[in-house]
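Heads up, the thing below is written out as structure tokens.
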Amino acid sequence: MENTGMTEKEQVAIMIDIYTDLQRIQKAEDRDKEISNQLRKVRAKLEAMGVVAENLTME
């Protein structure tokens with residue numbers, strides 16, 4: 001197994017966040033708004049880690 005620098009508990013916490021975020025999108029009355037909110041949150045986290053999120057934008 002590749003060492004990612006994260007503990008197993010950290011990886012589990014990330015997967016729980018992803019799972020609950022997807023459930024929020026699935027249950028949202030306004031899915032487009034919820035998706036935009038989720039993207040905004042992730043973009044902020046990426047940029048805080050020095051990743052330019054604009055380079056990841058799909059067309």
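Residues are named by chain letter and number: chains run A, B, ... in the order of the structure tokens, numbers start at 1 in each chain, and ligands are numbered from 1 in the order shown.
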In region 6-56 of chain A, DSSP helix (DSSP H, G or I) residues written as a PyMOL selection string: chain A and resi 8-27+31-48+53-56
Taking only C-alpha atoms into account, produce a table as CSV in which each residue of region 26-51 of chain A with an atom at most 12 Å from an atom of region 9-18 of chain A appears once, together with its shortest atom pair and the distance in Å to one decimal, ordered by chain and rising number.
```
residue,atom,partner,partner_atom,distance
A:Gln38,CA,A:Ile18,CA,9.9
A:Leu39,CA,A:Ile18,CA,11.8
A:Lys41,CA,A:Asp17,CA,11.6
A:Val42,CA,A:Ile18,CA,10.3
```
Between CA of Gln23 (chain A) and CA of Gly50 (chain A) - distance in Å to one decimal: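 Taking CA of Gly50 (chain A) as the start and CA of Gln23 (chain A) as the end point, the length is 27.7 Å.
Interatomic distance, CA of Val52 (chain A) to CA of Gln26 (chain A): 27.4 Å.
You will find CA of Asp21 (chain A) at 12.9 Å from CA of Lys33 (chain A).
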